[in-house]
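Engineer: Dropping in query-v5.cif, with mmCIF, C-alpha atoms; chains and numbers go by the auth columns.
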```cif
data_work
loop_
_atom_site.group_PDB
_atom_site.id
_atom_site.type_symbol
_atom_site.label_atom_id
_atom_site.label_comp_id
_atom_site.label_asym_id
_atom_site.label_seq_id
_atom_site.Cartn_x
_atom_site.Cartn_y
_atom_site.Cartn_z
_atom_site.B_iso_or_equiv
_atom_site.auth_seq_id
_atom_site.auth_asym_id
ATOM 1 C CA MET A 1 0.000 0.000 0.000 0.00 1 A
ATOM 2 C CA THR A 2 1.356 3.373 -0.922 0.00 2 A
ATOM 3 C CA GLY A 3 0.214 6.891 -0.170 0.00 3 A
ATOM 4 C CA GLU A 4 -1.839 7.798 2.913 0.00 4 A
ATOM 5 C CA PRO A 5 -2.924 5.155 5.445 0.00 5 A
ATOM 6 C CA LEU A 6 -6.101 3.335 4.544 0.00 6 A
ATOM 7 C CA HIS A 7 -8.049 4.470 7.593 0.00 7 A
ATOM 8 C CA THR A 8 -9.814 7.806 7.408 0.00 8 A
ATOM 9 C CA THR A 9 -9.701 9.130 10.943 0.00 9 A
ATOM 10 C CA HIS A 10 -8.928 12.844 11.110 0.00 10 A
ATOM 11 C CA ASP A 11 -7.662 14.590 14.235 0.00 11 A
ATOM 12 C CA CYS A 12 -8.612 18.100 13.171 0.00 12 A
ATOM 13 C CA ALA A 13 -12.192 18.972 14.119 0.00 13 A
ATOM 14 C CA SER A 14 -12.412 21.481 11.268 0.00 14 A
ATOM 15 C CA CYS A 15 -11.438 18.936 8.617 0.00 15 A
ATOM 16 C CA PRO A 16 -14.997 17.852 7.697 0.00 16 A
ATOM 17 C CA GLN A 17 -16.114 21.440 7.204 0.00 17 A
ATOM 18 C CA ALA A 18 -13.019 22.231 5.164 0.00 18 A
ATOM 19 C CA THR A 19 -13.567 19.138 3.038 0.00 19 A
ATOM 20 C CA MET A 20 -17.227 19.934 2.350 0.00 20 A
ATOM 21 C CA ALA A 21 -16.165 23.399 1.233 0.00 21 A
ATOM 22 C CA HIS A 22 -14.443 21.706 -1.712 0.00 22 A
ATOM 23 C CA LEU A 23 -17.638 19.859 -2.726 0.00 23 A
ATOM 24 C CA GLN A 24 -19.910 21.193 -5.449 0.00 24 A
ATOM 25 C CA LYS A 25 -23.017 19.094 -6.016 0.00 25 A
ATOM 26 C CA LEU A 26 -23.931 19.105 -9.709 0.00 26 A
ATOM 27 C CA GLY A 27 -27.079 16.988 -9.741 0.00 27 A
ATOM 28 C CA VAL A 28 -27.678 15.591 -13.227 0.00 28 A
ATOM 29 C CA GLU A 29 -24.995 17.711 -14.956 0.00 29 A
ATOM 30 C CA THR A 30 -22.608 14.885 -15.856 0.00 30 A
ATOM 31 C CA ARG A 31 -20.872 16.174 -18.996 0.00 31 A
ATOM 32 C CA GLY A 32 -17.096 16.621 -19.134 0.00 32 A
ATOM 33 C CA PHE A 33 -16.200 14.458 -16.169 0.00 33 A
ATOM 34 C CA ASP A 34 -12.678 13.520 -15.056 0.00 34 A
ATOM 35 C CA PHE A 35 -13.530 10.316 -13.205 0.00 35 A
ATOM 36 C CA VAL A 36 -16.340 7.745 -13.100 0.00 36 A
ATOM 37 C CA VAL A 37 -17.429 6.384 -9.739 0.00 37 A
ATOM 38 C CA ALA A 38 -19.570 3.257 -9.447 0.00 38 A
ATOM 39 C CA LEU A 39 -21.731 2.906 -6.351 0.00 39 A
ATOM 40 C CA ALA A 40 -22.382 -0.745 -5.492 0.00 40 A
ATOM 41 C CA GLY A 41 -23.913 -2.591 -2.564 0.00 41 A
ATOM 42 C CA ASN A 42 -26.633 -4.839 -1.231 0.00 42 A
ATOM 43 C CA PRO A 43 -30.224 -3.542 -1.184 0.00 43 A
ATOM 44 C CA ASN A 44 -31.204 -1.517 1.893 0.00 44 A
ATOM 45 C CA THR A 45 -27.695 -0.369 2.799 0.00 45 A
ATOM 46 C CA GLY A 46 -28.474 3.329 2.311 0.00 46 A
ATOM 47 C CA LYS A 47 -26.705 3.379 -1.047 0.00 47 A
ATOM 48 C CA SER A 48 -29.178 5.857 -2.541 0.00 48 A
ATOM 49 C CA THR A 49 -28.729 8.106 0.501 0.00 49 A
ATOM 50 C CA VAL A 50 -24.973 8.149 -0.121 0.00 50 A
ATOM 51 C CA PHE A 51 -25.641 8.934 -3.797 0.00 51 A
ATOM 52 C CA ASN A 52 -27.938 11.826 -2.871 0.00 52 A
ATOM 53 C CA ALA A 53 -25.460 13.189 -0.303 0.00 53 A
ATOM 54 C CA LEU A 54 -22.756 13.396 -2.973 0.00 54 A
ATOM 55 C CA THR A 55 -24.829 14.720 -5.864 0.00 55 A
ATOM 56 C CA GLY A 56 -27.533 16.793 -4.177 0.00 56 A
ATOM 57 C CA LEU A 57 -30.190 14.737 -5.966 0.00 57 A
ATOM 58 C CA LYS A 58 -33.151 12.830 -4.665 0.00 58 A
ATOM 59 C CA GLN A 59 -32.395 10.107 -7.187 0.00 59 A
ATOM 60 C CA HIS A 60 -32.491 10.951 -10.892 0.00 60 A
ATOM 61 C CA THR A 61 -33.377 7.757 -12.684 0.00 61 A
ATOM 62 C CA GLY A 62 -33.714 6.275 -16.137 0.00 62 A
ATOM 63 C CA ASN A 63 -33.168 2.759 -17.460 0.00 63 A
ATOM 64 C CA TRP A 64 -30.030 0.897 -18.463 0.00 64 A
ATOM 65 C CA PRO A 65 -29.855 0.432 -22.260 0.00 65 A
ATOM 66 C CA GLY A 66 -32.014 -2.501 -23.310 0.00 66 A
ATOM 67 C CA LYS A 67 -33.019 -3.232 -19.704 0.00 67 A
ATOM 68 C CA THR A 68 -35.951 -2.522 -17.441 0.00 68 A
ATOM 69 C CA VAL A 69 -33.494 -2.049 -14.567 0.00 69 A
ATOM 70 C CA THR A 70 -33.463 1.490 -13.165 0.00 70 A
ATOM 71 C CA ARG A 71 -30.317 3.553 -13.762 0.00 71 A
ATOM 72 C CA ALA A 72 -29.412 6.527 -11.578 0.00 72 A
ATOM 73 C CA GLU A 73 -26.508 8.873 -12.218 0.00 73 A
ATOM 74 C CA GLY A 74 -25.347 12.277 -11.086 0.00 74 A
ATOM 75 C CA ALA A 75 -22.188 14.297 -10.585 0.00 75 A
ATOM 76 C CA PHE A 76 -20.155 16.368 -8.190 0.00 76 A
ATOM 77 C CA VAL A 77 -16.959 18.425 -8.241 0.00 77 A
ATOM 78 C CA PHE A 78 -14.402 17.900 -5.517 0.00 78 A
ATOM 79 C CA LYS A 79 -11.037 19.680 -5.400 0.00 79 A
ATOM 80 C CA ASP A 80 -11.457 20.867 -9.005 0.00 80 A
ATOM 81 C CA LYS A 81 -12.102 17.352 -10.335 0.00 81 A
ATOM 82 C CA LYS A 82 -15.464 16.368 -11.777 0.00 82 A
ATOM 83 C CA PHE A 83 -16.844 12.971 -10.801 0.00 83 A
ATOM 84 C CA LYS A 84 -19.684 11.207 -12.589 0.00 84 A
ATOM 85 C CA ILE A 85 -21.325 8.733 -10.229 0.00 85 A
ATOM 86 C CA ILE A 86 -23.369 5.724 -11.355 0.00 86 A
ATOM 87 C CA ASP A 87 -25.640 4.144 -8.762 0.00 87 A
ATOM 88 C CA LEU A 88 -25.675 0.443 -9.675 0.00 88 A
ATOM 89 C CA PRO A 89 -28.683 -1.744 -8.855 0.00 89 A
ATOM 90 C CA GLY A 90 -28.593 -3.149 -5.349 0.00 90 A
ATOM 91 C CA THR A 91 -27.410 -6.770 -5.494 0.00 91 A
ATOM 92 C CA TYR A 92 -26.322 -9.546 -3.163 0.00 92 A
ATOM 93 C CA SER A 93 -23.751 -10.987 -5.558 0.00 93 A
ATOM 94 C CA LEU A 94 -22.246 -10.664 -9.042 0.00 94 A
ATOM 95 C CA LEU A 95 -23.131 -14.173 -10.154 0.00 95 A
ATOM 96 C CA SER A 96 -25.716 -12.862 -12.621 0.00 96 A
ATOM 97 C CA THR A 97 -28.799 -14.761 -11.509 0.00 97 A
ATOM 98 C CA SER A 98 -30.985 -11.687 -12.071 0.00 98 A
ATOM 99 C CA LYS A 99 -31.133 -8.653 -14.354 0.00 99 A
ATOM 100 C CA ASP A 100 -29.932 -6.413 -11.514 0.00 100 A
ATOM 101 C CA GLU A 101 -26.884 -8.594 -10.902 0.00 101 A
ATOM 102 C CA GLU A 102 -26.155 -8.787 -14.625 0.00 102 A
ATOM 103 C CA VAL A 103 -26.217 -4.991 -14.972 0.00 103 A
ATOM 104 C CA ALA A 104 -23.989 -4.442 -11.925 0.00 104 A
ATOM 105 C CA ARG A 105 -21.526 -7.143 -12.974 0.00 105 A
ATOM 106 C CA ASN A 106 -21.251 -5.963 -16.572 0.00 106 A
ATOM 107 C CA PHE A 107 -20.658 -2.336 -15.573 0.00 107 A
ATOM 108 C CA LEU A 108 -17.921 -3.283 -13.110 0.00 108 A
ATOM 109 C CA LEU A 109 -16.305 -5.582 -15.671 0.00 109 A
ATOM 110 C CA PHE A 110 -16.623 -3.521 -18.828 0.00 110 A
ATOM 111 C CA GLY A 111 -17.460 0.030 -17.699 0.00 111 A
ATOM 112 C CA ARG A 112 -14.042 0.350 -16.042 0.00 112 A
ATOM 113 C CA PRO A 113 -15.028 2.837 -13.318 0.00 113 A
ATOM 114 C CA ASP A 114 -12.129 4.795 -11.847 0.00 114 A
ATOM 115 C CA VAL A 115 -13.400 4.071 -8.326 0.00 115 A
ATOM 116 C CA THR A 116 -15.982 1.607 -7.034 0.00 116 A
ATOM 117 C CA VAL A 117 -17.576 2.609 -3.736 0.00 117 A
ATOM 118 C CA ILE A 118 -19.007 -0.463 -2.028 0.00 118 A
ATOM 119 C CA VAL A 119 -21.735 0.534 0.448 0.00 119 A
ATOM 120 C CA ALA A 120 -22.259 -1.912 3.306 0.00 120 A
ATOM 121 C CA ASP A 121 -24.666 -1.962 6.243 0.00 121 A
ATOM 122 C CA ALA A 122 -22.708 -1.692 9.499 0.00 122 A
ATOM 123 C CA THR A 123 -25.395 -3.742 11.290 0.00 123 A
ATOM 124 C CA ARG A 124 -25.104 -6.627 8.793 0.00 124 A
ATOM 125 C CA LEU A 125 -21.482 -6.302 7.819 0.00 125 A
ATOM 126 C CA GLU A 126 -20.599 -9.994 7.601 0.00 126 A
ATOM 127 C CA ARG A 127 -23.441 -10.639 5.155 0.00 127 A
ATOM 128 C CA ASN A 128 -22.557 -7.565 3.077 0.00 128 A
ATOM 129 C CA LEU A 129 -18.877 -8.489 2.773 0.00 129 A
ATOM 130 C CA ASN A 130 -19.782 -11.327 0.398 0.00 130 A
ATOM 131 C CA LEU A 131 -20.457 -8.802 -2.376 0.00 131 A
ATOM 132 C CA ALA A 132 -17.502 -6.643 -1.330 0.00 132 A
ATOM 133 C CA LEU A 133 -15.075 -9.552 -1.695 0.00 133 A
ATOM 134 C CA GLN A 134 -16.502 -10.403 -5.127 0.00 134 A
ATOM 135 C CA ILE A 135 -16.000 -6.813 -6.279 0.00 135 A
ATOM 136 C CA LEU A 136 -12.430 -6.770 -4.941 0.00 136 A
ATOM 137 C CA GLU A 137 -11.697 -9.786 -7.148 0.00 137 A
ATOM 138 C CA ILE A 138 -12.583 -7.582 -10.144 0.00 138 A
ATOM 139 C CA THR A 139 -11.117 -4.181 -9.343 0.00 139 A
ATOM 140 C CA ASP A 140 -8.180 -2.814 -7.351 0.00 140 A
ATOM 141 C CA ARG A 141 -9.651 0.700 -7.196 0.00 141 A
ATOM 142 C CA ALA A 142 -12.280 0.553 -4.486 0.00 142 A
ATOM 143 C CA VAL A 143 -13.469 2.169 -1.266 0.00 143 A
ATOM 144 C CA LEU A 144 -15.621 0.400 1.328 0.00 144 A
ATOM 145 C CA CYS A 145 -18.266 2.706 2.791 0.00 145 A
ATOM 146 C CA VAL A 146 -19.608 1.196 6.016 0.00 146 A
ATOM 147 C CA ASN A 147 -22.929 3.023 6.272 0.00 147 A
ATOM 148 C CA LEU A 148 -25.578 3.150 9.012 0.00 148 A
ATOM 149 C CA MET A 149 -22.931 3.499 11.707 0.00 149 A
ATOM 150 C CA ASP A 150 -25.527 5.267 13.869 0.00 150 A
ATOM 151 C CA GLU A 151 -27.748 2.175 13.745 0.00 151 A
ATOM 152 C CA ALA A 152 -24.771 -0.025 14.626 0.00 152 A
ATOM 153 C CA ARG A 153 -23.996 2.093 17.684 0.00 153 A
ATOM 154 C CA ARG A 154 -27.652 1.944 18.713 0.00 154 A
ATOM 155 C CA HIS A 155 -27.447 -1.851 18.674 0.00 155 A
ATOM 156 C CA GLY A 156 -24.137 -1.943 20.528 0.00 156 A
ATOM 157 C CA ILE A 157 -22.178 -3.016 17.430 0.00 157 A
ATOM 158 C CA ARG A 158 -18.612 -1.766 17.125 0.00 158 A
ATOM 159 C CA VAL A 159 -16.874 -1.815 13.738 0.00 159 A
ATOM 160 C CA ASP A 160 -13.071 -1.650 13.699 0.00 160 A
ATOM 161 C CA LEU A 161 -12.624 0.310 10.478 0.00 161 A
ATOM 162 C CA ARG A 162 -8.834 0.305 10.615 0.00 162 A
ATOM 163 C CA ALA A 163 -8.611 -3.467 11.036 0.00 163 A
ATOM 164 C CA LEU A 164 -11.109 -3.917 8.195 0.00 164 A
ATOM 165 C CA ALA A 165 -9.031 -1.670 5.944 0.00 165 A
ATOM 166 C CA ARG A 166 -5.896 -3.649 6.698 0.00 166 A
ATOM 167 C CA ARG A 167 -7.616 -6.963 5.964 0.00 167 A
ATOM 168 C CA LEU A 168 -9.308 -5.814 2.757 0.00 168 A
ATOM 169 C CA GLY A 169 -6.455 -3.671 1.421 0.00 169 A
ATOM 170 C CA VAL A 170 -8.690 -0.727 0.467 0.00 170 A
ATOM 171 C CA PRO A 171 -9.777 2.485 2.213 0.00 171 A
ATOM 172 C CA VAL A 172 -12.672 1.954 4.637 0.00 172 A
ATOM 173 C CA VAL A 173 -14.880 4.847 5.754 0.00 173 A
ATOM 174 C CA GLY A 174 -17.661 4.782 8.336 0.00 174 A
ATOM 175 C CA THR A 175 -20.715 6.904 7.507 0.00 175 A
ATOM 176 C CA SER A 176 -24.215 7.783 8.596 0.00 176 A
ATOM 177 C CA ALA A 177 -25.191 9.220 5.234 0.00 177 A
ATOM 178 C CA ARG A 178 -28.647 10.444 6.265 0.00 178 A
ATOM 179 C CA TYR A 179 -26.926 12.857 8.671 0.00 179 A
ATOM 180 C CA LEU A 180 -23.968 13.516 6.294 0.00 180 A
ATOM 181 C CA GLN A 181 -21.638 12.039 8.896 0.00 181 A
ATOM 182 C CA GLY A 182 -18.519 10.561 7.302 0.00 182 A
ATOM 183 C CA ILE A 183 -19.290 12.036 3.877 0.00 183 A
ATOM 184 C CA PRO A 184 -16.231 14.369 4.012 0.00 184 A
ATOM 185 C CA GLU A 185 -13.983 11.373 4.718 0.00 185 A
ATOM 186 C CA LEU A 186 -15.656 9.412 1.927 0.00 186 A
ATOM 187 C CA LEU A 187 -14.996 12.241 -0.522 0.00 187 A
ATOM 188 C CA GLU A 188 -11.330 12.291 0.457 0.00 188 A
ATOM 189 C CA ALA A 189 -11.056 8.523 -0.010 0.00 189 A
ATOM 190 C CA ILE A 190 -12.725 8.629 -3.439 0.00 190 A
ATOM 191 C CA TYR A 191 -10.440 11.458 -4.536 0.00 191 A
ATOM 192 C CA ASP A 192 -7.306 9.718 -3.246 0.00 192 A
ATOM 193 C CA VAL A 193 -8.065 6.457 -5.078 0.00 193 A
ATOM 194 C CA ALA A 194 -9.183 8.188 -8.291 0.00 194 A
ATOM 195 C CA THR A 195 -6.060 10.361 -8.499 0.00 195 A
ATOM 196 C CA GLY A 196 -3.674 7.566 -7.510 0.00 196 A
ATOM 197 C CA LYS A 197 -2.671 9.147 -4.208 0.00 197 A
ATOM 198 C CA VAL A 198 -3.712 5.859 -2.620 0.00 198 A
ATOM 199 C CA ARG A 199 -2.995 2.580 -4.399 0.00 199 A
ATOM 200 C CA CYS A 200 -5.081 -0.299 -3.170 0.00 200 A
ATOM 201 C CA LYS A 201 -3.895 -3.856 -2.686 0.00 201 A
ATOM 202 C CA PRO A 202 -7.223 -5.624 -2.277 0.00 202 A
ATOM 203 C CA HIS A 203 -7.776 -8.998 -0.725 0.00 203 A
ATOM 204 C CA ARG A 204 -7.635 -11.732 -3.359 0.00 204 A
ATOM 205 C CA ILE A 205 -7.683 -15.503 -3.399 0.00 205 A
ATOM 206 C CA GLN A 206 -3.969 -16.303 -3.151 0.00 206 A
ATOM 207 C CA SER A 207 -3.644 -20.067 -2.803 0.00 207 A
ATOM 208 C CA LEU A 208 -5.438 -22.476 -5.110 0.00 208 A
ATOM 209 C CA PRO A 209 -4.872 -26.165 -5.725 0.00 209 A
ATOM 210 C CA PRO A 210 -2.231 -26.449 -8.489 0.00 210 A
ATOM 211 C CA HIS A 211 -4.607 -27.996 -11.041 0.00 211 A
ATOM 212 C CA ILE A 212 -7.177 -25.213 -10.548 0.00 212 A
ATOM 213 C CA GLU A 213 -4.504 -22.494 -10.714 0.00 213 A
ATOM 214 C CA LYS A 214 -3.196 -23.983 -13.954 0.00 214 A
ATOM 215 C CA ALA A 215 -6.702 -24.113 -15.459 0.00 215 A
ATOM 216 C CA VAL A 216 -7.452 -20.523 -14.436 0.00 216 A
ATOM 217 C CA ARG A 217 -4.150 -19.241 -15.819 0.00 217 A
ATOM 218 C CA THR A 218 -4.529 -21.106 -19.115 0.00 218 A
ATOM 219 C CA LEU A 219 -8.123 -19.981 -19.652 0.00 219 A
ATOM 220 C CA SER A 220 -7.286 -16.402 -18.628 0.00 220 A
ATOM 221 C CA GLN A 221 -4.547 -16.253 -21.278 0.00 221 A
ATOM 222 C CA LYS A 222 -6.925 -17.564 -23.945 0.00 222 A
ATOM 223 C CA ILE A 223 -9.541 -14.973 -22.978 0.00 223 A
ATOM 224 C CA GLU A 224 -6.942 -12.199 -23.297 0.00 224 A
ATOM 225 C CA GLN A 225 -5.931 -13.494 -26.734 0.00 225 A
ATOM 226 C CA GLN A 226 -9.537 -13.649 -27.907 0.00 226 A
ATOM 227 C CA PHE A 227 -10.516 -10.292 -26.372 0.00 227 A
ATOM 228 C CA PRO A 228 -7.409 -8.025 -26.362 0.00 228 A
ATOM 229 C CA GLY A 229 -7.464 -5.236 -23.821 0.00 229 A
ATOM 230 C CA LEU A 230 -10.171 -6.856 -21.722 0.00 230 A
ATOM 231 C CA PRO A 231 -9.592 -6.339 -17.985 0.00 231 A
ATOM 232 C CA ASN A 232 -10.416 -8.891 -15.302 0.00 232 A
ATOM 233 C CA SER A 233 -9.703 -11.957 -17.463 0.00 233 A
ATOM 234 C CA ARG A 234 -8.822 -14.002 -14.375 0.00 234 A
ATOM 235 C CA TRP A 235 -12.193 -13.301 -12.735 0.00 235 A
ATOM 236 C CA ILE A 236 -13.980 -14.192 -15.977 0.00 236 A
ATOM 237 C CA ALA A 237 -11.966 -17.424 -16.167 0.00 237 A
ATOM 238 C CA PHE A 238 -13.195 -18.363 -12.681 0.00 238 A
ATOM 239 C CA ARG A 239 -16.811 -17.790 -13.715 0.00 239 A
ATOM 240 C CA LEU A 240 -16.433 -19.884 -16.859 0.00 240 A
ATOM 241 C CA LEU A 241 -14.865 -22.733 -14.905 0.00 241 A
ATOM 242 C CA GLU A 242 -17.823 -22.558 -12.537 0.00 242 A
ATOM 243 C CA GLY A 243 -20.137 -23.042 -15.528 0.00 243 A
ATOM 244 C CA GLU A 244 -21.537 -19.511 -15.786 0.00 244 A
ATOM 245 C CA THR A 245 -22.212 -19.515 -19.528 0.00 245 A
ATOM 246 C CA GLY A 246 -23.952 -16.132 -19.416 0.00 246 A
ATOM 247 C CA ILE A 247 -20.575 -14.452 -19.158 0.00 247 A
ATOM 248 C CA ILE A 248 -19.777 -15.623 -22.713 0.00 248 A
ATOM 249 C CA GLU A 249 -22.761 -13.713 -24.092 0.00 249 A
ATOM 250 C CA ALA A 250 -21.761 -10.643 -22.068 0.00 250 A
ATOM 251 C CA LEU A 251 -18.246 -10.821 -23.538 0.00 251 A
ATOM 252 C CA LYS A 252 -19.550 -11.062 -27.086 0.00 252 A
ATOM 253 C CA ASN A 253 -21.963 -8.158 -26.570 0.00 253 A
ATOM 254 C CA GLN A 254 -19.277 -5.908 -25.102 0.00 254 A
ATOM 255 C CA MET A 255 -16.691 -6.679 -27.745 0.00 255 A
ATOM 256 C CA SER A 256 -19.151 -6.295 -30.633 0.00 256 A
ATOM 257 C CA GLY A 257 -20.461 -3.048 -29.149 0.00 257 A
#
```
So, in terms of structure tokens, how does the structure I just supplied come out?

Structural biologist:
Amino acid sequence: MTGEPLHTTHDCASCPQATMAHLQKLGVETRGFDFVVALAGNPNTGKSTVFNALTGLKQHTGNWPGKTVTRAEGAFVFKDKKFKIIDLPGTYSLLSTSKDEEVARNFLLFGRPDVTVIVADATRLERNLNLALQILEITDRAVLCVNLMDEARRHGIRVDLRALARRLGVPVVGTSARYLQGIPELLEAIYDVATGKVRCKPHRIQSLPPHIEKAVRTLSQKIEQQFPGLPNSRWIAFRLLEGETGIIEALKNQMSG
């Protein structure tokens, strides 16, 4: 890990106010952006509240191309950089068993967001980390936003954000988005990852049985040969070996498009 420490604790009481002074909420004005941010997470984590806190919107929605799945996007400027933010459908996994999961998976794979903010519910963190770990297998440019920290405190739940950041290898920020608590720290984390000030080293599956590792490596190389420039070939190889044939159609659609 390079750059600033992964945790986002600030000692200066004026820091949040100073940070928010650098934020300009642009609503639906998304043209001419510098960075794309994907907002991912399970349903009912407060993801839309985080989206609204950053953009100033109360959700601006349309549909994903060719889908009935709702698409929400907005923008904000922070420290003279313009960020377009895409609120992905709430999903429990990226295994593409529903239209929502297919849309989220395909955007993370092929949309190449500069930062993926994974919103998790602090009161159900263990359950929410399933999706987070799947996303970290795809991208090394992510921030974990542990939302609903106020609810966690109310239930006597303590979340060690620093330990979580060390284990996951990405910045972790605690928020209570409905009260704008933690939003300044989240903005800083997004900016740091987007600009390269912080380089993530996310948790990945390191040790596999030799025969599986060989199969994954061989298939990954063939995918790269067939689809030059495609990121995440290793993750796609895993899905193919698991029998997820839908990923083949997604590959063909993206490459032909």

Engineer: Applying 8 Å and all atoms listed in the file, which residues near range 83-87 of chain A remain after dropping the ones on its own chain fewer than 2 positions away? List them as a count of residues only.

Structural biologist: 22

Engineer: What is the distance between CA of Gln221 in chain A and CA of Val170 in chain A, in Å to one decimal?

Structural biologist: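 Taking CA of Gln221 in chain A as the start and CA of Val170 in chain A as the end point, the length is 27.0 Å.
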
Engineer: Which value, in Å to one decimal, gives the distance between CA of Ile183 in chain A and CA of Glu137 in chain A?

Structural biologist: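 Value for the CA of Ile183 in chain A-CA of Glu137 in chain A distance: 25.6 Å.
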
Engineer: Using the chain letters and numbering of this document, enumerate as a PyMOL selection string the residues selected by the PyMOL selection byres ((chain A and resi 182) around 10).

Structural biologist: chain A and resi 8-9+16+145-147+149+173-177+179-181+183-187

Engineer: Between A:Thr49, A:Lys82, A:Asn232, A:Arg178, single out the one closest to Gly32 in chain A, counting all atoms listed in the file.

Structural biologist: A:Lys82

Engineer: Can you take the partial range 213-224 of chain A, add N, CA, C and O atoms, and return it as an mmCIF file, in the frame of the given file?

Structural biologist:
```cif
data_model
loop_
_atom_site.group_PDB
_atom_site.id
_atom_site.type_symbol
_atom_site.label_atom_id
_atom_site.label_comp_id
_atom_site.auth_asym_id
_atom_site.auth_seq_id
_atom_site.Cartn_x
_atom_site.Cartn_y
_atom_site.Cartn_z
ATOM 1 N N GLU A 213 -5.306 -23.660 -10.337
ATOM 2 C CA GLU A 213 -4.504 -22.494 -10.714
ATOM 3 C C GLU A 213 -4.051 -22.598 -12.162
ATOM 4 O O GLU A 213 -4.103 -21.615 -12.917
ATOM 5 N N LYS A 214 -3.632 -23.786 -12.575
ATOM 6 C CA LYS A 214 -3.196 -23.983 -13.954
ATOM 7 C C LYS A 214 -4.345 -23.761 -14.921
ATOM 8 O O LYS A 214 -4.186 -23.104 -15.960
ATOM 9 N N ALA A 215 -5.529 -24.270 -14.589
ATOM 10 C CA ALA A 215 -6.702 -24.113 -15.459
ATOM 11 C C ALA A 215 -7.100 -22.645 -15.570
ATOM 12 O O ALA A 215 -7.404 -22.147 -16.661
ATOM 13 N N VAL A 216 -7.090 -21.939 -14.429
ATOM 14 C CA VAL A 216 -7.452 -20.523 -14.436
ATOM 15 C C VAL A 216 -6.459 -19.714 -15.267
ATOM 16 O O VAL A 216 -6.857 -18.870 -16.076
ATOM 17 N N ARG A 217 -5.176 -19.981 -15.083
ATOM 18 C CA ARG A 217 -4.150 -19.241 -15.819
ATOM 19 C C ARG A 217 -4.254 -19.496 -17.326
ATOM 20 O O ARG A 217 -4.191 -18.569 -18.127
ATOM 21 N N THR A 218 -4.434 -20.759 -17.693
ATOM 22 C CA THR A 218 -4.529 -21.106 -19.115
ATOM 23 C C THR A 218 -5.747 -20.466 -19.767
ATOM 24 O O THR A 218 -5.654 -19.871 -20.849
ATOM 25 N N LEU A 219 -6.900 -20.556 -19.095
ATOM 26 C CA LEU A 219 -8.123 -19.981 -19.652
ATOM 27 C C LEU A 219 -8.040 -18.461 -19.693
ATOM 28 O O LEU A 219 -8.493 -17.830 -20.652
ATOM 29 N N SER A 220 -7.445 -17.856 -18.663
ATOM 30 C CA SER A 220 -7.286 -16.402 -18.628
ATOM 31 C C SER A 220 -6.459 -15.914 -19.814
ATOM 32 O O SER A 220 -6.792 -14.906 -20.453
ATOM 33 N N GLN A 221 -5.396 -16.632 -20.135
ATOM 34 C CA GLN A 221 -4.547 -16.253 -21.278
ATOM 35 C C GLN A 221 -5.317 -16.358 -22.589
ATOM 36 O O GLN A 221 -5.184 -15.507 -23.474
ATOM 37 N N LYS A 222 -6.137 -17.401 -22.720
ATOM 38 C CA LYS A 222 -6.925 -17.564 -23.945
ATOM 39 C C LYS A 222 -7.978 -16.465 -24.084
ATOM 40 O O LYS A 222 -8.242 -15.978 -25.179
ATOM 41 N N ILE A 223 -8.561 -16.063 -22.958
ATOM 42 C CA ILE A 223 -9.541 -14.973 -22.978
ATOM 43 C C ILE A 223 -8.863 -13.677 -23.434
ATOM 44 O O ILE A 223 -9.405 -12.932 -24.257
ATOM 45 N N GLU A 224 -7.673 -13.413 -22.917
ATOM 46 C CA GLU A 224 -6.942 -12.199 -23.297
ATOM 47 C C GLU A 224 -6.570 -12.212 -24.777
ATOM 48 O O GLU A 224 -6.578 -11.168 -25.432
#
```
